[in-house]
There are 2 protein chains.
Amino acid sequence: MRHRSRRAPAATITIKDVARDAGVSVATVSRVLNQTNQVTAGTEAQVRRAATALGYTPHAGARSLITRRTHTIGVLLPDLYGEFFSELIRGIDQAAQRYGYHCLVTSAHHREPQLEAVLRSMRGRVDGLVLMSPEFTGAVSARTLPAGFPVVMLNCKSSESRHHSLTVANYRGARAMVKHLAGLGHRSIAIVEGAAGNFDASERLRGYRAELRAAGLTRRPELEVAGDFSEESGAMAARQLLALESPPTAIFAANDCMAVGAIAAIRDAGLRVPDDVAIGGFDDIPMARYIAPALTSVRVDISALGERAATRLLTLVEQERNDPPTHDIIPTTLVVRQSCGAARE
Amino acid sequence: MRHRSRRAPAATITIKDVARDAGVSVATVSRVLNQTNQVTAGTEAQVRRAATALGYTPHAGARSLITRRTHTIGVLLPDLYGEFFSELIRGIDQAAQRYGYHCLVTSAHHREPQLEAVLRSMRGRVDGLVLMSPEFTGAVSARTLPAGFPVVMLNCKSSESRHHSLTVANYRGARAMVKHLAGLGHRSIAIVEGAAGNFDASERLRGYRAELRAAGLTRRPELEVAGDFSEESGAMAARQLLALESPPTAIFAANDCMAVGAIAAIRDAGLRVPDDVAIGGFDDIPMARYIAPALTSVRVDISALGERAATRLLTLVEQERNDPPTHDIIPTTLVVRQSCGAARE
DNA sequence: TTGTAGGCGTTATCAA
DNA sequence: TTGATAACGCCTACAA
């Protein structure tokens, strides 16, 4: 008959219950729990006893309402597919935990209105934002975020410089790989591009083109093939390149997954890597050294990227200051193995 | 001279500002924003105009304090390393977004006290919990979570049945793989075990042993080699197995990464896969079909696991009822490719 | 249909 | 050292 066939209201015990049981005021309980040592050892003991007896835990939401600190950072990612993001989140979470913060993770905001809605929904939930989104512009920021709200951008267009940013050295990494291949004597070097619209992808393409020019090689548009970072797209791209009238002798895949797909396709076509076609990848995923032939790649320390981003953000949050934006670049390393034909082990 | 070389207090605009500008009370603003259609079209328009003009967004924390709904679910994982977790998070986040919920992700809680602290810190932050932790027992639950708090456990010991749970069919999957290898005529089948203490690892080992017995094969302890799910541990395990007086003719690696490492080690030893040693993996990561030889594996739909877990949890949260706990098992599929010697393409 | 006022669980500011 | 009491930003009876 009552309105309560529903779940009981989660018998929530509050600071008041502790105060009552300890025979003190809520203010005193609060003081004990917040380490503001203005309490007698005796009363402190009483309070602690009552608190543990009741199994009391402060309500984070209520606390943050008056404190204006949620001790949570928001992490906004364009996607969650693949090792890149798990590594990134791992790094971010690691740094956050070190500071005693939580991570609110969200992904997939394609169109601008959706992005704005997501950013808005963060109000009152997070103290700052790690943002990885090509769609995030200064205008969006102004419309959705309070002025001075701490933000660190990840792998975004460098033009957006009003916020702090961290970027992987995609351009330099790609140049290093192409330079290496050219140094091995390759004159026709192809690229399998990353996903369209992806910032990493376009930067790697830019590096590829720049280094071709620097090496005095002519750029052939038919050697720039679309891909989407998946193994399958790498295989398709390789097949397309092999079917050319004059196929390339080397292929730079914009990530390791596509490189693996390309190697499989080349093998299926009856050709050998690196003897007939040399292959280079990007990212240096753990598996790169174990496949056959071992993959030459551009190493990126993704979790370090995440850690630095979170650390930067948390510094901003805790300092409560408007430092002038910094723009860091995370360096990459060329790792030479068998697939490019340089190392023969 | 002022106290404010610090950041301005983020000029936060509240419901009061909107009410003032719209010339109505805060209650009316609230009603407009919460779709309780008890407002004149005229005043509603005024309120909306004022709200957008100010760029107002309700404060989620304040709202949840009175609503007793955070619209956030907590996700507690033992780790964040590797594709498994990114896929899992992807599935969880997908379901959460469909329900309009956020995800608070945390990892790495090794010892019990730390786990309890983390669970406690969730109070007032989340409406429910997706929990993947071997250390989470009924006792921990009772000490840290309010009675009736919605929880869905992932890949945990089935003994813990007071909460809802979802589990991958590790045991059955492992049996299917071993049965397949035995069916190909292999009499000495080795296993490279997963990380010690890991539930998936122990279940896959259990399945391996059970199927050996069922196939009438004698179990040889030296054919059970330790691993930790990494490529490197798979390679080490394979080397160890090849050094045996009578090495196995087939190796079941408890995940694909270790299988890749094992294949590399076997090749380095001058032997061929599958001719000299057959290999089977577990998980069927995207790359499995592209390596050489293509990897036979047990397919797991991880993102589906995450999606189902989150959906189950959100059903509990929204229904506000104490349903009797359900215990679902996510099935696996054997995917036969070249590495086991069955398919020759 | 609208406004007033109380309360959600904390912390912060005063007096005492 | 301690205790009232007023915020924090919002929702929701209840009254008008």
# chains A, B, ... in the order shown; residues from 1 in each chain; ligands from 1
>>> interface_residues(of="chain A", to="chain C", cutoff="12 Å", atoms="only C-alpha atoms (C1' of nucleotides)", output="number ranges by chain")
A: 12-17, 26-31, 33-34, 36, 57-69
>>> write_last_selection(atoms="C-alpha atoms", output="tab-separated table (two decimals), in the first residue's frame")
chain	number	residue	atom	x	y	z
A	12	THR	CA	22.41	6.80	3.53
A	13	ILE	CA	24.25	7.84	6.64
A	14	THR	CA	25.31	11.43	6.75
A	15	ILE	CA	27.56	13.60	8.79
A	16	LYS	CA	24.61	14.31	11.06
A	17	ASP	CA	24.38	10.68	12.13
A	26	VAL	CA	28.48	18.41	12.50
A	27	ALA	CA	31.10	21.13	12.28
A	28	THR	CA	33.37	19.18	14.57
A	29	VAL	CA	32.93	16.02	12.59
A	30	SER	CA	33.78	17.91	9.45
A	31	ARG	CA	36.89	19.31	11.07
A	33	LEU	CA	37.55	14.42	8.71
A	34	ASN	CA	39.32	17.27	6.97
A	36	THR	CA	42.12	20.74	10.18
A	57	THR	CA	31.81	8.01	3.99
A	58	PRO	CA	31.46	11.67	3.10
A	59	HIS	CA	29.23	12.42	0.13
A	60	ALA	CA	31.58	13.59	-2.61
A	61	GLY	CA	28.88	15.48	-4.46
A	62	ALA	CA	27.76	17.51	-1.48
A	63	ARG	CA	31.33	18.23	-0.57
A	64	SER	CA	32.23	19.44	-4.03
A	65	LEU	CA	29.23	21.74	-4.12
A	66	ILE	CA	30.69	24.01	-1.48
A	67	THR	CA	34.35	23.24	-2.06
A	68	ARG	CA	34.08	23.93	-5.78
A	69	ARG	CA	36.40	21.04	-6.38
>>> interface_residues(of="chain A", to="chain B", cutoff="8 Å", atoms="only C-alpha atoms", output="short mmCIF file (atom, residue, chain, number, x, y, z; two decimals) with N, CA and C atoms, in the first residue's frame")
data_model
loop_
_atom_site.label_atom_id
_atom_site.label_comp_id
_atom_site.auth_asym_id
_atom_site.auth_seq_id
_atom_site.Cartn_x
_atom_site.Cartn_y
_atom_site.Cartn_z
N ARG A 6 9.48 0.05 -4.01
CA ARG A 6 10.77 0.38 -4.63
C ARG A 6 11.91 0.09 -3.66
N ARG A 7 13.10 0.28 -4.18
CA ARG A 7 14.26 0.03 -3.34
C ARG A 7 14.27 1.07 -2.23
N ALA A 8 14.63 0.63 -1.04
CA ALA A 8 14.75 1.57 0.07
C ALA A 8 15.77 2.63 -0.31
N ALA A 10 18.45 3.62 0.06
CA ALA A 10 19.87 3.37 0.29
C ALA A 10 20.38 3.92 1.61
N ALA A 11 19.65 3.57 2.67
CA ALA A 11 19.96 3.99 4.04
C ALA A 11 21.24 4.80 4.16
N THR A 12 21.20 6.00 3.61
CA THR A 12 22.41 6.80 3.53
C THR A 12 22.71 7.48 4.85
N GLY A 55 30.25 3.19 9.53
CA GLY A 55 30.71 2.98 8.16
C GLY A 55 30.47 4.20 7.29
N THR A 57 30.96 7.43 5.03
CA THR A 57 31.81 8.01 3.99
C THR A 57 31.21 9.33 3.56
N PRO A 58 32.00 10.36 3.51
CA PRO A 58 31.46 11.67 3.10
C PRO A 58 30.89 11.60 1.68
N HIS A 59 29.87 12.37 1.44
CA HIS A 59 29.23 12.42 0.13
C HIS A 59 30.01 13.38 -0.77
N ALA A 60 30.69 12.79 -1.76
CA ALA A 60 31.58 13.59 -2.61
C ALA A 60 30.84 14.73 -3.30
N GLY A 61 29.63 14.46 -3.74
CA GLY A 61 28.88 15.48 -4.46
C GLY A 61 28.57 16.69 -3.60
N ALA A 62 28.09 16.42 -2.40
CA ALA A 62 27.76 17.51 -1.48
C ALA A 62 29.01 18.31 -1.14
N SER A 64 31.71 18.65 -2.92
CA SER A 64 32.23 19.44 -4.03
C SER A 64 31.37 20.66 -4.30
N LEU A 65 30.12 20.61 -3.86
CA LEU A 65 29.23 21.74 -4.12
C LEU A 65 29.76 23.00 -3.43
N LEU A 80 37.24 5.29 -28.95
CA LEU A 80 37.88 4.44 -27.93
C LEU A 80 38.40 3.16 -28.56
N TYR A 81 38.49 3.17 -29.88
CA TYR A 81 38.83 1.94 -30.56
C TYR A 81 40.34 1.79 -30.71
N GLY A 82 40.89 0.72 -30.17
CA GLY A 82 42.29 0.41 -30.38
C GLY A 82 43.19 0.70 -29.20
N GLU A 83 44.38 0.16 -29.33
CA GLU A 83 45.35 0.24 -28.24
C GLU A 83 45.75 1.66 -27.89
N PHE A 85 44.07 4.29 -27.42
CA PHE A 85 43.27 4.94 -26.38
C PHE A 85 43.40 4.28 -25.03
N SER A 86 43.57 2.96 -25.03
CA SER A 86 43.73 2.32 -23.73
C SER A 86 45.05 2.76 -23.11
N GLU A 87 46.06 2.90 -23.94
CA GLU A 87 47.34 3.37 -23.42
C GLU A 87 47.24 4.81 -22.92
N ILE A 89 44.54 6.43 -21.89
CA ILE A 89 43.75 6.46 -20.66
C ILE A 89 44.58 5.95 -19.49
N ARG A 90 45.36 4.92 -19.77
CA ARG A 90 46.20 4.37 -18.71
C ARG A 90 47.13 5.45 -18.16
N ASP A 93 45.06 8.14 -16.26
CA ASP A 93 44.56 7.65 -14.98
C ASP A 93 45.68 7.54 -13.95
N HIS A 102 39.85 11.56 -9.97
CA HIS A 102 39.17 10.56 -10.77
C HIS A 102 39.13 10.99 -12.23
N CYS A 103 38.78 10.05 -13.09
CA CYS A 103 38.69 10.35 -14.52
C CYS A 103 37.29 10.06 -15.05
N LEU A 104 36.70 11.07 -15.64
CA LEU A 104 35.42 10.90 -16.31
C LEU A 104 35.70 10.80 -17.81
N VAL A 105 35.50 9.62 -18.36
CA VAL A 105 35.90 9.37 -19.74
C VAL A 105 34.70 9.37 -20.68
N THR A 106 34.81 10.07 -21.78
CA THR A 106 33.75 10.07 -22.78
C THR A 106 34.36 10.03 -24.17
N SER A 107 33.59 9.54 -25.11
CA SER A 107 34.11 9.49 -26.48
C SER A 107 33.03 9.81 -27.48
N ARG A 120 29.08 20.81 -22.11
CA ARG A 120 28.16 21.43 -21.15
C ARG A 120 27.84 20.47 -20.01
N SER A 121 27.61 19.21 -20.38
CA SER A 121 27.21 18.24 -19.36
C SER A 121 28.32 17.99 -18.35
N MET A 122 29.49 18.54 -18.62
CA MET A 122 30.60 18.34 -17.70
C MET A 122 30.57 19.33 -16.55
N ARG A 123 29.79 20.38 -16.70
CA ARG A 123 29.76 21.41 -15.67
C ARG A 123 29.33 20.82 -14.34
N GLY A 124 30.10 21.12 -13.32
CA GLY A 124 29.79 20.62 -12.00
C GLY A 124 30.23 19.19 -11.78
N ARG A 125 30.90 18.62 -12.80
CA ARG A 125 31.36 17.24 -12.67
C ARG A 125 32.88 17.16 -12.63
N ARG A 143 31.81 29.33 -26.15
CA ARG A 143 30.37 29.14 -25.94
C ARG A 143 30.06 28.19 -24.79
N THR A 144 30.97 27.23 -24.55
CA THR A 144 30.61 26.15 -23.64
C THR A 144 31.36 26.16 -22.31
N PRO A 146 33.44 28.01 -19.12
CA PRO A 146 33.67 29.26 -18.42
C PRO A 146 35.08 29.76 -18.73
N ALA A 147 35.25 31.05 -18.82
CA ALA A 147 36.57 31.61 -19.10
C ALA A 147 37.55 31.14 -18.05
N GLY A 148 38.71 30.72 -18.48
CA GLY A 148 39.73 30.30 -17.54
C GLY A 148 39.61 28.87 -17.07
N PHE A 149 38.65 28.15 -17.62
CA PHE A 149 38.49 26.75 -17.23
C PHE A 149 39.69 25.96 -17.74
N GLU A 231 43.84 -2.88 -40.01
CA GLU A 231 44.61 -3.87 -40.75
C GLU A 231 44.04 -4.05 -42.15
N CYS A 257 49.17 -1.19 -37.45
CA CYS A 257 48.10 -2.10 -37.85
C CYS A 257 48.01 -2.18 -39.37
N VAL A 260 50.85 -4.15 -40.80
CA VAL A 260 50.63 -5.59 -40.70
C VAL A 260 49.72 -6.07 -41.83
N GLY A 261 48.66 -5.32 -42.07
CA GLY A 261 47.75 -5.67 -43.17
C GLY A 261 48.46 -5.63 -44.51
N ALA A 264 50.69 -8.67 -44.99
CA ALA A 264 49.89 -9.85 -45.32
C ALA A 264 49.49 -9.84 -46.79
N PRO A 286 53.55 -3.07 -29.18
CA PRO A 286 54.36 -4.15 -28.60
C PRO A 286 54.58 -5.31 -29.57
N MET A 287 53.56 -5.57 -30.37
CA MET A 287 53.62 -6.73 -31.25
C MET A 287 54.60 -6.54 -32.41
N TYR A 290 57.52 -8.79 -32.92
CA TYR A 290 57.29 -10.24 -32.93
C TYR A 290 56.74 -10.78 -34.24
N ILE A 291 56.23 -9.90 -35.07
CA ILE A 291 55.71 -10.40 -36.34
C ILE A 291 56.87 -10.65 -37.29
N ALA A 292 56.58 -11.34 -38.40
CA ALA A 292 57.63 -11.67 -39.35
C ALA A 292 57.33 -11.02 -40.69
N GLU A 320 45.45 27.00 -9.67
CA GLU A 320 44.41 28.02 -9.80
C GLU A 320 44.92 29.29 -10.45
N ARG A 321 45.78 29.10 -11.42
CA ARG A 321 46.29 30.30 -12.08
C ARG A 321 46.11 30.20 -13.58
N ASN A 322 46.09 31.34 -14.22
CA ASN A 322 46.04 31.36 -15.67
C ASN A 322 47.43 31.52 -16.25
#
>>> atom_distance(atom1="atom CA of Val300 of chain A", atom2="atom CA of Gly185 of chain A")
25.7 Å
>>> select_by_dssp(residues="segment 99-315 of chain A", states="strand (DSSP E)", output="JSON, numbers by chain")
{"A": [102, 103, 104, 105, 106, 107, 128, 129, 130, 131, 151, 152, 153, 154, 164, 165, 166, 167, 168, 189, 190, 191, 192, 224, 225, 250, 251, 252, 253, 278, 279, 280, 297, 298, 299]}
>>> atom_distance(atom1="atom CA of Gly281 of chain B", atom2="atom CA of Gly227 of chain A")
27.7 Å
>>> interface_residues(of="chain D", to="chain B", cutoff="7 Å", atoms="only C-alpha atoms (C1' of nucleotides)", output="list in words")
DG9, DC10 and DC11 of chain D
>>> select_by_dssp(residues="segment 26-145 of chain B", states="alpha helix (DSSP H)", output="PyMOL selection string")
chain B and resi 26-33+41-54+60-67+83-98+112-120+138-144
>>> atom_distance(atom1="atom CA of Pro221 of chain A", atom2="atom CA of Arg299 of chain A")
26.7 Å
>>> decode(residues="chain D", atoms="N, CA and C atoms (P, O5', C5', C4', C3', O3' and C1' of nucleotides)", output="PDB file, in the first residue's frame")
ATOM      1  P    DT D   1      42.970  24.138  20.315  1.00  0.00           P
ATOM      2  O5'  DT D   1      41.600  23.330  20.291  1.00  0.00           O
ATOM      3  C5'  DT D   1      41.309  22.426  21.301  1.00  0.00           C
ATOM      4  C4'  DT D   1      39.872  22.635  21.671  1.00  0.00           C
ATOM      5  C3'  DT D   1      38.879  21.899  20.762  1.00  0.00           C
ATOM      6  O3'  DT D   1      38.060  21.082  21.565  1.00  0.00           O
ATOM      7  C1'  DT D   1      38.243  24.159  21.041  1.00  0.00           C
ATOM      8  P    DT D   2      37.033  20.121  20.973  1.00  0.00           P
ATOM      9  O5'  DT D   2      35.824  21.083  20.685  1.00  0.00           O
ATOM     10  C5'  DT D   2      34.719  21.071  21.537  1.00  0.00           C
ATOM     11  C4'  DT D   2      33.746  22.124  21.129  1.00  0.00           C
ATOM     12  C3'  DT D   2      32.731  21.686  20.081  1.00  0.00           C
ATOM     13  O3'  DT D   2      31.560  21.277  20.738  1.00  0.00           O
ATOM     14  C1'  DT D   2      33.423  23.961  19.833  1.00  0.00           C
ATOM     15  P    DG D   3      30.404  20.583  19.881  1.00  0.00           P
ATOM     16  O5'  DG D   3      29.486  21.842  19.545  1.00  0.00           O
ATOM     17  C5'  DG D   3      29.241  22.777  20.571  1.00  0.00           C
ATOM     18  C4'  DG D   3      28.364  23.888  20.044  1.00  0.00           C
ATOM     19  C3'  DG D   3      27.276  23.430  19.072  1.00  0.00           C
ATOM     20  O3'  DG D   3      26.093  24.171  19.329  1.00  0.00           O
ATOM     21  C1'  DG D   3      28.657  25.023  18.007  1.00  0.00           C
ATOM     22  P    DA D   4      24.678  23.539  18.963  1.00  0.00           P
ATOM     23  O5'  DA D   4      23.883  24.818  18.523  1.00  0.00           O
ATOM     24  C5'  DA D   4      24.144  25.301  17.264  1.00  0.00           C
ATOM     25  C4'  DA D   4      23.856  26.779  17.204  1.00  0.00           C
ATOM     26  C3'  DA D   4      22.831  27.074  16.120  1.00  0.00           C
ATOM     27  O3'  DA D   4      22.263  28.362  16.286  1.00  0.00           O
ATOM     28  C1'  DA D   4      25.045  27.582  15.385  1.00  0.00           C
ATOM     29  P    DT D   5      21.063  28.752  15.319  1.00  0.00           P
ATOM     30  O5'  DT D   5      21.774  29.143  13.954  1.00  0.00           O
ATOM     31  C5'  DT D   5      22.757  30.197  13.966  1.00  0.00           C
ATOM     32  C4'  DT D   5      23.248  30.431  12.558  1.00  0.00           C
ATOM     33  C3'  DT D   5      22.216  30.119  11.463  1.00  0.00           C
ATOM     34  O3'  DT D   5      22.365  31.098  10.447  1.00  0.00           O
ATOM     35  C1'  DT D   5      24.166  28.955  11.022  1.00  0.00           C
ATOM     36  P    DA D   6      21.181  31.388   9.464  1.00  0.00           P
ATOM     37  O5'  DA D   6      21.949  31.972   8.200  1.00  0.00           O
ATOM     38  C5'  DA D   6      23.063  32.845   8.395  1.00  0.00           C
ATOM     39  C4'  DA D   6      24.141  32.551   7.381  1.00  0.00           C
ATOM     40  C3'  DA D   6      23.627  32.482   5.944  1.00  0.00           C
ATOM     41  O3'  DA D   6      24.579  33.111   5.106  1.00  0.00           O
ATOM     42  C1'  DA D   6      24.732  30.482   6.470  1.00  0.00           C
ATOM     43  P    DA D   7      24.170  33.586   3.655  1.00  0.00           P
ATOM     44  O5'  DA D   7      23.674  32.231   2.962  1.00  0.00           O
ATOM     45  C5'  DA D   7      24.010  32.001   1.617  1.00  0.00           C
ATOM     46  C4'  DA D   7      25.406  31.415   1.516  1.00  0.00           C
ATOM     47  C3'  DA D   7      25.572  30.625   0.234  1.00  0.00           C
ATOM     48  O3'  DA D   7      26.641  31.161  -0.514  1.00  0.00           O
ATOM     49  C1'  DA D   7      26.067  29.253   2.152  1.00  0.00           C
ATOM     50  P    DC D   8      26.442  31.365  -2.087  1.00  0.00           P
ATOM     51  O5'  DC D   8      27.159  30.184  -2.840  1.00  0.00           O
ATOM     52  C5'  DC D   8      28.138  29.323  -2.311  1.00  0.00           C
ATOM     53  C4'  DC D   8      27.990  27.932  -2.868  1.00  0.00           C
ATOM     54  C3'  DC D   8      26.941  27.791  -3.967  1.00  0.00           C
ATOM     55  O3'  DC D   8      27.589  27.833  -5.229  1.00  0.00           O
ATOM     56  C1'  DC D   8      26.845  25.994  -2.361  1.00  0.00           C
ATOM     57  P    DG D   9      27.003  28.754  -6.404  1.00  0.00           P
ATOM     58  O5'  DG D   9      25.891  27.818  -7.047  1.00  0.00           O
ATOM     59  C5'  DG D   9      26.286  26.630  -7.705  1.00  0.00           C
ATOM     60  C4'  DG D   9      25.074  25.775  -7.947  1.00  0.00           C
ATOM     61  C3'  DG D   9      23.955  26.478  -8.730  1.00  0.00           C
ATOM     62  O3'  DG D   9      23.637  25.663  -9.834  1.00  0.00           O
ATOM     63  C1'  DG D   9      23.104  25.450  -6.782  1.00  0.00           C
ATOM     64  P    DC D  10      22.424  26.014 -10.794  1.00  0.00           P
ATOM     65  O5'  DC D  10      21.298  25.062 -10.242  1.00  0.00           O
ATOM     66  C5'  DC D  10      21.483  23.662 -10.373  1.00  0.00           C
ATOM     67  C4'  DC D  10      20.540  22.908  -9.475  1.00  0.00           C
ATOM     68  C3'  DC D  10      19.081  22.952  -9.907  1.00  0.00           C
ATOM     69  O3'  DC D  10      18.808  21.752 -10.623  1.00  0.00           O
ATOM     70  C1'  DC D  10      19.364  23.125  -7.524  1.00  0.00           C
ATOM     71  P    DC D  11      17.374  21.605 -11.303  1.00  0.00           P
ATOM     72  O5'  DC D  11      16.486  21.026 -10.104  1.00  0.00           O
ATOM     73  C5'  DC D  11      16.759  19.715  -9.646  1.00  0.00           C
ATOM     74  C4'  DC D  11      15.815  19.364  -8.518  1.00  0.00           C
ATOM     75  C3'  DC D  11      14.340  19.252  -8.918  1.00  0.00           C
ATOM     76  O3'  DC D  11      13.829  18.100  -8.268  1.00  0.00           O
ATOM     77  C1'  DC D  11      14.571  20.766  -7.135  1.00  0.00           C
ATOM     78  P    DT D  12      12.433  17.496  -8.778  1.00  0.00           P
ATOM     79  O5'  DT D  12      11.480  17.820  -7.552  1.00  0.00           O
ATOM     80  C5'  DT D  12      11.991  17.820  -6.234  1.00  0.00           C
ATOM     81  C4'  DT D  12      10.906  18.260  -5.286  1.00  0.00           C
ATOM     82  C3'  DT D  12       9.484  18.188  -5.840  1.00  0.00           C
ATOM     83  O3'  DT D  12       8.624  17.936  -4.756  1.00  0.00           O
ATOM     84  C1'  DT D  12       9.973  20.383  -5.281  1.00  0.00           C
ATOM     85  P    DA D  13       7.388  16.952  -4.916  1.00  0.00           P
ATOM     86  O5'  DA D  13       6.133  17.833  -4.634  1.00  0.00           O
ATOM     87  C5'  DA D  13       5.207  17.606  -3.621  1.00  0.00           C
ATOM     88  C4'  DA D  13       5.605  18.123  -2.265  1.00  0.00           C
ATOM     89  C3'  DA D  13       4.442  18.816  -1.584  1.00  0.00           C
ATOM     90  O3'  DA D  13       4.327  18.447  -0.227  1.00  0.00           O
ATOM     91  C1'  DA D  13       6.230  20.378  -2.000  1.00  0.00           C
ATOM     92  P    DC D  14       2.935  18.514   0.450  1.00  0.00           P
ATOM     93  O5'  DC D  14       2.664  20.087   0.503  1.00  0.00           O
ATOM     94  C5'  DC D  14       3.476  20.905   1.327  1.00  0.00           C
ATOM     95  C4'  DC D  14       3.196  22.353   1.023  1.00  0.00           C
ATOM     96  C3'  DC D  14       1.697  22.697   0.921  1.00  0.00           C
ATOM     97  O3'  DC D  14       1.353  23.540   2.007  1.00  0.00           O
ATOM     98  C1'  DC D  14       2.987  23.746  -0.804  1.00  0.00           C
ATOM     99  P    DA D  15      -0.139  24.104   2.108  1.00  0.00           P
ATOM    100  O5'  DA D  15       0.049  25.566   1.526  1.00  0.00           O
ATOM    101  C5'  DA D  15       1.223  26.305   1.868  1.00  0.00           C
ATOM    102  C4'  DA D  15       1.198  27.642   1.151  1.00  0.00           C
ATOM    103  C3'  DA D  15      -0.170  28.329   1.099  1.00  0.00           C
ATOM    104  O3'  DA D  15       0.003  29.720   1.304  1.00  0.00           O
ATOM    105  C1'  DA D  15       0.617  27.950  -1.107  1.00  0.00           C
ATOM    106  P    DA D  16      -1.208  30.674   1.371  1.00  0.00           P
ATOM    107  O5'  DA D  16      -1.187  31.396  -0.037  1.00  0.00           O
ATOM    108  C5'  DA D  16      -0.046  32.186  -0.396  1.00  0.00           C
ATOM    109  C4'  DA D  16      -0.216  32.636  -1.826  1.00  0.00           C
ATOM    110  C3'  DA D  16      -1.565  33.321  -2.114  1.00  0.00           C
ATOM    111  O3'  DA D  16      -1.325  34.521  -2.824  1.00  0.00           O
ATOM    112  C1'  DA D  16      -1.134  31.636  -3.694  1.00  0.00           C
TER     113       DA D  16
END
